[in-house]
>>> print(open('protein19.csv').read())   # CSV, C-alpha atoms and all ligand atoms
chain,number,residue,atom,x,y,z
A,22,MET,CA,11.3,18.3,4.7
A,23,SER,CA,9.2,15.8,6.8
A,24,GLY,CA,7.4,12.8,5.3
A,25,LEU,CA,8.3,9.9,3.0
A,26,HIS,CA,10.0,11.0,-0.2
A,27,ALA,CA,10.9,8.8,-3.1
A,28,ASP,CA,12.7,10.6,-5.9
A,29,SER,CA,14.6,9.8,-9.1
A,30,ILE,CA,13.5,6.1,-9.0
A,31,ARG,CA,14.5,4.3,-12.1
A,32,LYS,CA,14.0,0.6,-12.8
A,33,GLN,CA,14.7,-1.4,-16.0
A,34,TYR,CA,13.9,-5.1,-16.5
A,35,GLY,CA,15.9,-6.3,-19.5
A,36,ASP,CA,15.5,-3.5,-22.1
A,37,ARG,CA,12.2,-2.3,-20.7
A,38,GLN,CA,12.2,0.8,-18.6
A,39,VAL,CA,9.4,0.3,-16.1
A,40,LEU,CA,10.1,3.3,-13.8
A,41,ASN,CA,11.4,6.4,-15.3
A,42,ASP,CA,12.6,9.0,-12.8
A,43,ILE,CA,9.6,8.5,-10.5
A,44,PHE,CA,8.7,10.9,-7.7
A,45,LEU,CA,6.3,9.9,-4.9
A,46,SER,CA,5.7,11.5,-1.5
A,47,CYS,CA,3.5,10.8,1.5
A,48,LYS,CA,3.0,12.6,4.7
A,49,THR,CA,1.4,11.6,8.0
A,50,GLY,CA,-2.3,12.4,7.7
A,51,GLU,CA,-2.3,11.4,4.1
A,52,ILE,CA,-3.7,8.4,2.2
A,53,VAL,CA,-2.1,8.4,-1.2
A,54,GLY,CA,-4.0,6.2,-3.7
A,55,LEU,CA,-1.6,4.8,-6.3
A,56,LEU,CA,-3.4,3.6,-9.4
A,57,GLY,CA,-2.2,2.2,-12.7
A,58,ARG,CA,-2.9,-0.5,-15.3
A,59,ASN,CA,-1.5,-4.0,-14.8
A,60,GLY,CA,2.2,-3.9,-15.3
A,61,SER,CA,2.6,-0.2,-14.9
A,62,GLY,CA,5.1,-0.7,-12.1
A,63,LYS,CA,3.2,0.0,-8.9
A,64,SER,CA,4.5,-3.1,-7.0
A,65,SER,CA,8.0,-2.5,-8.3
A,66,LEU,CA,7.9,1.0,-7.0
A,67,LEU,CA,6.6,0.1,-3.5
A,68,LYS,CA,9.2,-2.7,-3.2
A,69,ILE,CA,12.0,-0.3,-4.2
A,70,ILE,CA,10.8,2.3,-1.6
A,71,PHE,CA,10.6,-0.4,1.0
A,72,GLY,CA,14.0,-1.8,0.0
A,73,THR,CA,13.3,-5.4,-1.1
A,74,LEU,CA,13.8,-4.7,-4.8
A,75,SER,CA,17.0,-3.1,-6.2
A,76,ALA,CA,16.6,0.0,-8.4
A,77,ASP,CA,18.9,1.4,-11.1
A,78,ASN,CA,18.7,4.7,-9.3
A,79,LYS,CA,16.8,5.7,-6.1
A,80,PHE,CA,16.6,8.3,-3.4
A,81,VAL,CA,14.3,7.5,-0.5
A,82,SER,CA,14.1,9.5,2.7
A,83,VAL,CA,11.9,9.5,5.7
A,84,ASP,CA,11.7,12.7,7.8
A,85,GLN,CA,15.0,13.8,6.2
A,86,ARG,CA,16.7,10.5,7.0
A,87,LEU,CA,18.1,8.7,4.0
A,88,MET,CA,16.9,5.2,3.5
A,89,PRO,CA,19.4,3.5,1.2
A,90,SER,CA,18.4,-0.1,2.2
A,91,LEU,CA,15.7,-2.2,3.8
A,92,PHE,CA,17.6,-2.2,7.1
A,93,SER,CA,17.8,1.6,7.4
A,94,GLY,CA,14.1,2.2,7.5
A,95,ARG,CA,12.8,-1.0,9.0
A,96,ASP,CA,11.0,0.6,11.9
A,97,LEU,CA,9.7,3.5,9.9
A,98,ILE,CA,8.2,1.9,6.7
A,99,LYS,CA,6.2,-1.3,6.4
A,100,TYR,CA,5.1,-3.0,3.2
A,101,LEU,CA,2.1,-5.3,2.6
A,102,PRO,CA,3.1,-7.4,-0.4
A,103,GLN,CA,0.5,-8.9,-2.8
A,104,ASP,CA,1.2,-12.4,-1.5
A,105,SER,CA,0.9,-13.5,2.1
A,106,PHE,CA,4.1,-12.8,4.1
A,107,LEU,CA,3.2,-14.5,7.5
A,108,PRO,CA,4.9,-17.7,8.5
A,109,ALA,CA,2.4,-20.6,8.2
A,110,HIS,CA,2.8,-22.4,11.5
A,111,ILE,CA,3.0,-19.5,14.0
A,112,LYS,CA,-0.1,-18.7,16.1
A,113,ILE,CA,-1.6,-15.3,15.6
A,114,LYS,CA,-1.2,-14.3,19.3
A,115,TYR,CA,2.6,-14.6,18.9
A,116,LEU,CA,2.6,-12.6,15.7
A,117,ILE,CA,0.9,-9.8,17.5
A,118,SER,CA,3.9,-9.6,19.9
A,119,CYS,CA,6.3,-9.6,16.9
A,120,PHE,CA,4.6,-6.9,14.8
A,121,CYS,CA,2.8,-4.6,17.2
A,122,GLY,CA,4.2,-2.0,19.5
A,123,LYS,CA,3.8,-2.7,23.2
A,124,ALA,CA,1.1,-0.1,23.6
A,125,ALA,CA,-1.0,-1.6,20.8
A,126,ARG,CA,-0.7,-5.3,21.7
A,127,GLY,CA,-3.6,-5.4,24.2
A,128,LEU,CA,-5.8,-3.4,21.8
A,129,VAL,CA,-5.1,-5.7,18.9
A,130,MET,CA,-5.6,-8.9,21.0
A,131,ALA,CA,-9.0,-7.5,22.0
A,132,ASP,CA,-10.0,-6.5,18.5
A,133,PRO,CA,-13.2,-8.5,17.6
A,134,LEU,CA,-11.7,-9.0,14.1
A,135,ILE,CA,-8.6,-10.7,15.5
A,136,GLN,CA,-9.9,-12.3,18.8
A,137,PRO,CA,-11.5,-15.4,17.2
A,138,HIS,CA,-8.2,-16.3,15.6
A,139,LEU,CA,-5.7,-15.7,18.4
A,140,GLU,CA,-5.1,-19.4,19.0
A,141,LYS,CA,-5.0,-20.4,15.3
A,142,GLN,CA,-1.9,-20.8,13.2
A,143,VAL,CA,-1.7,-18.7,10.0
A,144,ALA,CA,-2.1,-21.9,7.9
A,145,GLN,CA,-5.6,-22.4,9.5
A,146,LEU,CA,-6.9,-19.1,8.3
A,147,SER,CA,-8.9,-18.4,5.0
A,148,GLY,CA,-7.3,-16.2,2.4
A,149,GLY,CA,-9.4,-13.2,3.4
A,150,GLU,CA,-8.9,-13.8,7.2
A,151,LYS,CA,-5.1,-13.9,6.6
A,152,ARG,CA,-5.2,-10.7,4.5
A,153,LEU,CA,-7.2,-8.9,7.2
A,154,ILE,CA,-4.8,-10.0,10.0
A,155,GLU,CA,-1.8,-9.0,7.9
A,156,ILE,CA,-3.2,-5.5,7.4
A,157,LEU,CA,-4.2,-5.1,11.1
A,158,LEU,CA,-0.7,-6.2,12.2
A,159,LEU,CA,1.0,-3.7,10.0
A,160,VAL,CA,-1.4,-0.8,10.8
A,161,HIS,CA,-0.8,-1.4,14.5
A,162,SER,CA,3.0,-1.7,14.2
A,163,GLU,CA,5.1,1.3,15.1
A,164,ALA,CA,5.8,2.1,11.5
A,165,LYS,CA,5.0,5.7,10.5
A,166,TYR,CA,4.5,4.9,6.8
A,167,LEU,CA,2.6,2.0,5.3
A,168,LEU,CA,2.8,0.8,1.7
A,169,LEU,CA,-0.2,-1.4,1.1
A,170,ASP,CA,-0.1,-3.5,-2.2
A,171,GLU,CA,-3.7,-4.7,-3.0
A,172,PRO,CA,-5.0,-4.7,0.6
A,173,PHE,CA,-8.6,-5.2,-0.5
A,174,ASN,CA,-7.8,-8.2,-2.7
A,175,GLY,CA,-9.7,-11.3,-1.4
A,176,LEU,CA,-11.7,-9.3,1.3
A,177,SER,CA,-15.5,-9.4,1.5
A,178,PRO,CA,-17.4,-6.1,1.4
A,179,LEU,CA,-17.7,-6.0,5.2
A,180,GLN,CA,-14.0,-6.7,5.7
A,181,ILE,CA,-13.1,-4.0,3.2
A,182,THR,CA,-15.2,-1.5,5.2
A,183,ALA,CA,-13.5,-2.6,8.4
A,184,VAL,CA,-10.0,-2.1,6.8
A,185,LYS,CA,-11.0,1.3,5.4
A,186,THR,CA,-12.2,2.4,8.9
A,187,ILE,CA,-9.0,1.2,10.5
A,188,ILE,CA,-6.8,3.0,8.0
A,189,GLN,CA,-8.8,6.2,8.4
A,190,LYS,CA,-8.5,5.8,12.2
A,191,HIS,CA,-4.7,5.8,12.0
A,192,GLU,CA,-4.4,8.4,9.2
A,193,ALA,CA,-3.8,11.2,11.7
A,194,VAL,CA,-0.5,9.7,12.9
A,195,LYS,CA,0.6,7.6,9.9
A,196,GLY,CA,0.9,8.0,6.1
A,197,PHE,CA,-0.4,5.4,3.7
A,198,VAL,CA,0.3,4.6,0.1
A,199,ILE,CA,-2.4,2.2,-1.2
A,200,THR,CA,-2.5,0.5,-4.5
A,201,ASP,CA,-5.5,-1.6,-5.4
A,202,HIS,CA,-7.5,-2.3,-8.5
A,203,ASP,CA,-10.6,-1.9,-6.4
A,204,TYR,CA,-10.5,1.8,-7.4
A,205,PRO,CA,-13.9,2.9,-6.0
A,206,ASN,CA,-12.7,2.0,-2.5
A,207,VAL,CA,-9.3,3.6,-3.1
A,208,LEU,CA,-11.0,6.8,-4.3
A,209,ASP,CA,-13.3,6.7,-1.3
A,210,ILE,CA,-10.5,7.0,1.3
A,211,ALA,CA,-7.7,8.6,-0.7
A,212,SER,CA,-6.7,12.2,0.1
A,213,ARG,CA,-4.9,12.3,-3.3
A,214,ILE,CA,-4.5,10.1,-6.3
A,215,VAL,CA,-1.4,9.4,-8.3
A,216,LEU,CA,-1.6,7.5,-11.5
A,217,MET,CA,1.3,5.5,-12.9
A,218,ASP,CA,1.4,5.7,-16.6
A,219,GLN,CA,4.2,4.7,-19.1
A,220,GLY,CA,6.9,4.8,-16.4
A,221,ASN,CA,5.8,8.1,-14.9
A,222,THR,CA,3.5,9.4,-12.2
A,223,ARG,CA,0.7,11.8,-12.8
A,224,VAL,CA,-1.1,13.7,-10.1
A,225,ILE,CA,-4.9,13.2,-10.6
A,226,LYS,CA,-7.1,16.1,-9.5
A,227,ASP,CA,-10.4,14.8,-10.8
A,228,PRO,CA,-11.4,11.1,-11.2
A,229,ARG,CA,-12.5,11.9,-14.8
A,230,GLU,CA,-8.8,12.2,-15.6
A,231,LEU,CA,-8.5,8.5,-15.0
A,232,ILE,CA,-10.7,8.0,-18.0
A,233,GLN,CA,-8.8,10.6,-20.0
A,234,PHE,CA,-5.5,8.8,-19.3
A,235,GLY,CA,-6.8,5.4,-20.2
A,236,TYR,CA,-7.0,3.8,-16.7
A,237,LEU,CA,-10.8,3.7,-16.4
A,238,PRO,CA,-13.1,2.7,-19.3
A,239,LYS,CA,-15.1,5.5,-20.9
A,240,SER,CA,-18.3,3.7,-19.8
A,241,SER,CA,-17.5,4.7,-16.1
A,242,LEU,CA,-17.8,8.4,-17.0
A,243,HIS,CA,-21.4,8.6,-15.7
A,244,ILE,CA,-20.2,7.5,-12.2
A,245,TYR,CA,-17.9,10.5,-11.9
A,246,ALA,CA,-20.0,13.0,-13.9
A,247,GLY,CA,-20.4,15.0,-10.7
A,248,GLY,CA,-16.8,14.7,-9.7
A,249,GLU,CA,-17.8,13.6,-6.2
A,250,THR,CA,-14.8,12.2,-4.3
A,251,ASN,CA,-12.4,13.3,-1.5
A,252,LEU,CA,-9.8,14.6,-4.0
B,301,LIG,N1,11.5,-9.9,-12.0
B,301,LIG,C1,11.0,-9.3,-13.2
B,301,LIG,N2,11.7,-9.6,-14.3
B,301,LIG,C2,11.3,-9.0,-15.5
B,301,LIG,N3,10.2,-8.2,-15.6
B,301,LIG,C3,9.5,-8.0,-14.4
B,301,LIG,C4,9.9,-8.5,-13.2
B,301,LIG,N4,9.0,-8.1,-12.2
B,301,LIG,C5,8.1,-7.3,-12.9
B,301,LIG,N5,8.4,-7.2,-14.2
B,301,LIG,C6,7.7,-6.5,-15.2
B,301,LIG,O1,7.6,-5.1,-14.8
B,301,LIG,C7,6.4,-4.6,-15.1
B,301,LIG,C8,5.8,-3.9,-13.8
B,301,LIG,O2,5.5,-5.0,-12.9
B,301,LIG,P1,4.8,-4.6,-11.5
B,301,LIG,O3,4.5,-5.9,-10.8
B,301,LIG,O4,5.6,-3.6,-10.8
B,301,LIG,O5,3.4,-4.0,-12.0
B,301,LIG,P2,2.1,-3.6,-11.3
B,301,LIG,O6,1.7,-2.2,-11.7
B,301,LIG,O7,2.2,-3.8,-9.8
B,301,LIG,O8,1.1,-4.6,-11.9
B,301,LIG,P3,-0.3,-5.3,-11.4
B,301,LIG,O9,-1.3,-4.2,-11.2
B,301,LIG,O10,-0.6,-6.3,-12.4
B,301,LIG,O11,0.0,-6.0,-10.1
B,301,LIG,C9,5.5,-5.7,-15.7
B,301,LIG,O12,5.5,-5.5,-17.1
B,301,LIG,C10,6.2,-6.9,-15.3
B,301,LIG,O13,6.1,-7.9,-16.3
>>> encode(input="protein19.csv", output="structure tokens")
Amino acid sequence: MSGLHADSIRKQYGDRQVLNDIFLSCKTGEIVGLLGRNGSGKSSLLKIIFGTLSADNKFVSVDQRLMPSLFSGRDLIKYLPQDSFLPAHIKIKYLISCFCGKAARGLVMADPLIQPHLEKQVAQLSGGEKRLIEILLLVHSEAKYLLLDEPFNGLSPLQITAVKTIIQKHEAVKGFVITDHDYPNVLDIASRIVLMDQGNTRVIKDPRELIQFGYLPKSSLHIYAGGETNL
């Protein structure tokens, strides 16, 4: 069974069961869009899969290799957290060497989105510039599976388009799980959509189901009346 598989994930905070026997999978060649209301447990799920948050129960495997902790799958799974994770006083050119595989380094250094920032420290970047560089570093890493938590947050429309293009360019050899409240852009690139709802996951076959299950407002029905997405 190749691919990333997360099964039987349970997480309780105090007496609140946030994740209730969750199953989520992702294969290379797939962009899984993970949607859900605020507080539905998306970040908790991604952190548990990556290994930075403990679970009450979990089973995570990559290409049949069990991933019981953060350290077992370090080179296979990378996670973009909601908050910036780059050290403030390191220059971008050094981060490229840390994050990117040897083959990708030259390519990343020459990327017009990164080149103007090579000599800058992370602290000298704007919020959007930082986000963009974080995403580029992870996408060009050797990880096979990328869990991206709100990648579009803080990005301008042009940057969002650039990020979507980069993700789609790497889709053939990597698997992506993307969660973001910018649902039109998620729907635009996702090969399938999973909705988190009341501690469970639902597979969404038609964007109109997002209205039915209370994620999108009824007023958005006209947008999806034709059901035109990649799903
Ligand atoms: N450390 C914690 N202690 C107690 N409750 C927590 C903790 N972390 C998260 N929660 C609760 O768990 C629920 C799920 O949080 P999580 O951040 O996973 O949701 P989310 O779907 O990513 O939300 P958002 O879309 O707002 O980012 C929320 O109700 C949150 O308040």
>>> closest_residue(input="protein19.csv", among="A:Gly149, A:Leu157, A:Ser177, A:Arg86", to="A:Met130", atoms="all atoms listed in the file")
A:Leu157
>>> residues_near_ligand(input="protein19.csv", ligand="ligand LIG 301 (chain B)", cutoff="7 Å", atoms="all atoms listed in the file", output="list of chain:residue names")
A:Tyr34, A:Gly35, A:Val39, A:Gly57, A:Arg58, A:Asn59, A:Gly60, A:Ser61, A:Gly62, A:Lys63, A:Ser64, A:Ser65, A:Leu66
>>> closest_residue(input="protein19.csv", among="A:Met217, A:Ala27, A:Tyr166, A:Asp227", to="A:Ala193", atoms="all atoms listed in the file")
A:Tyr166
>>> atom_distance(input="protein19.csv", atom1="atom CA of A:Leu45", atom2="atom CA of A:Ser93")
18.8 Å
>>> closest_residue(input="protein19.csv", among="A:Glu150, A:Asp28, A:Asp201, A:Glu51", to="A:Lys165", atoms="all atoms listed in the file")
A:Glu51
>>> closest_residue(input="protein19.csv", among="A:Ser147, A:Gln85, A:Leu159, A:Ala131", to="A:Leu116", atoms="all atoms listed in the file")
A:Leu159
>>> closest_residue(input="protein19.csv", among="A:Phe44, A:Lys226, A:Val198, A:Arg31", to="A:Ser75", atoms="all atoms listed in the file")
A:Arg31
>>> closest_residue(input="protein19.csv", among="A:Leu146, A:Leu97, A:Ile232, A:Ile225", to="A:Val160", atoms="all atoms listed in the file")
A:Leu97
>>> residues_around(input="protein19.csv", residues="A:Phe71", least_positions_apart="4", cutoff="9 Å", atoms="only C-alpha atoms", output="PyMOL selection string")
chain A and resi 66-67+81+88+90-91+94-95+98-100+168
>>> residues_around(input="protein19.csv", residues="A:Leu216", least_positions_apart="3", cutoff="10 Å", atoms="all atoms listed in the file", output="list in words")
Gly54, Leu55, Leu56, Gly57, Arg58, Ser61, Lys63, Thr200, Gln219, Asn221, Thr222, Arg223, Val224, Ile225, Glu230, Leu231, Phe234 and Tyr236 of chain A
>>> residues_around(input="protein19.csv", residues="A:Asp104", least_positions_apart="2", cutoff="12 Å", atoms="all atoms listed in the file", output="list in words")
Ser64, Tyr100, Leu101, Pro102, Phe106, Leu107, Pro108, Gly148, Gly149, Lys151, Arg152, Glu155, Leu169, Asp170, Glu171, Pro172, Asn174 and Gly175 of chain A
>>> atom_distance(input="protein19.csv", atom1="atom CA of A:Ser162", atom2="atom CA of A:Glu192")
13.5 Å
>>> residues_around(input="protein19.csv", residues="A:Cys119", least_positions_apart="4", cutoff="12 Å", atoms="all atoms listed in the file", output="list in words")
Leu107, Pro108, Ile111, Lys112, Ile113, Lys114, Tyr115, Lys123, Ala125, Arg126, Leu158, Leu159, His161, Ser162 and Glu163 of chain A
>>> residues_around(input="protein19.csv", residues="A:Val184", least_positions_apart="3", cutoff="8 Å", atoms="all atoms listed in the file", output="PDB file with C-alpha atoms, in the frame of the given file")
ATOM      1  CA  LEU A 153      -7.200  -8.900   7.200  1.00  0.00           C
ATOM      2  CA  ILE A 156      -3.200  -5.500   7.400  1.00  0.00           C
ATOM      3  CA  LEU A 157      -4.200  -5.100  11.100  1.00  0.00           C
ATOM      4  CA  GLN A 180     -14.000  -6.700   5.700  1.00  0.00           C
ATOM      5  CA  ILE A 181     -13.100  -4.000   3.200  1.00  0.00           C
ATOM      6  CA  ILE A 187      -9.000   1.200  10.500  1.00  0.00           C
ATOM      7  CA  ILE A 188      -6.800   3.000   8.000  1.00  0.00           C
TER       8      ILE A 188
END
>>> residues_near_point(input="protein19.csv", point="(3.9, 7.8, 5.4)", cutoff="9 Å", atoms="all atoms listed in the file", output="list in words")
Gly24, Leu25, His26, Ser46, Cys47, Lys48, Thr49, Gly50, Glu51, Ile52, Val53, Val83, Leu97, Ile98, Ala164, Lys165, Tyr166, Leu167, Leu168, Val194, Lys195, Gly196, Phe197 and Val198 of chain A
>>> atom_distance(input="protein19.csv", atom1="atom CA of A:Ile154", atom2="atom CA of A:Asp203")
19.2 Å
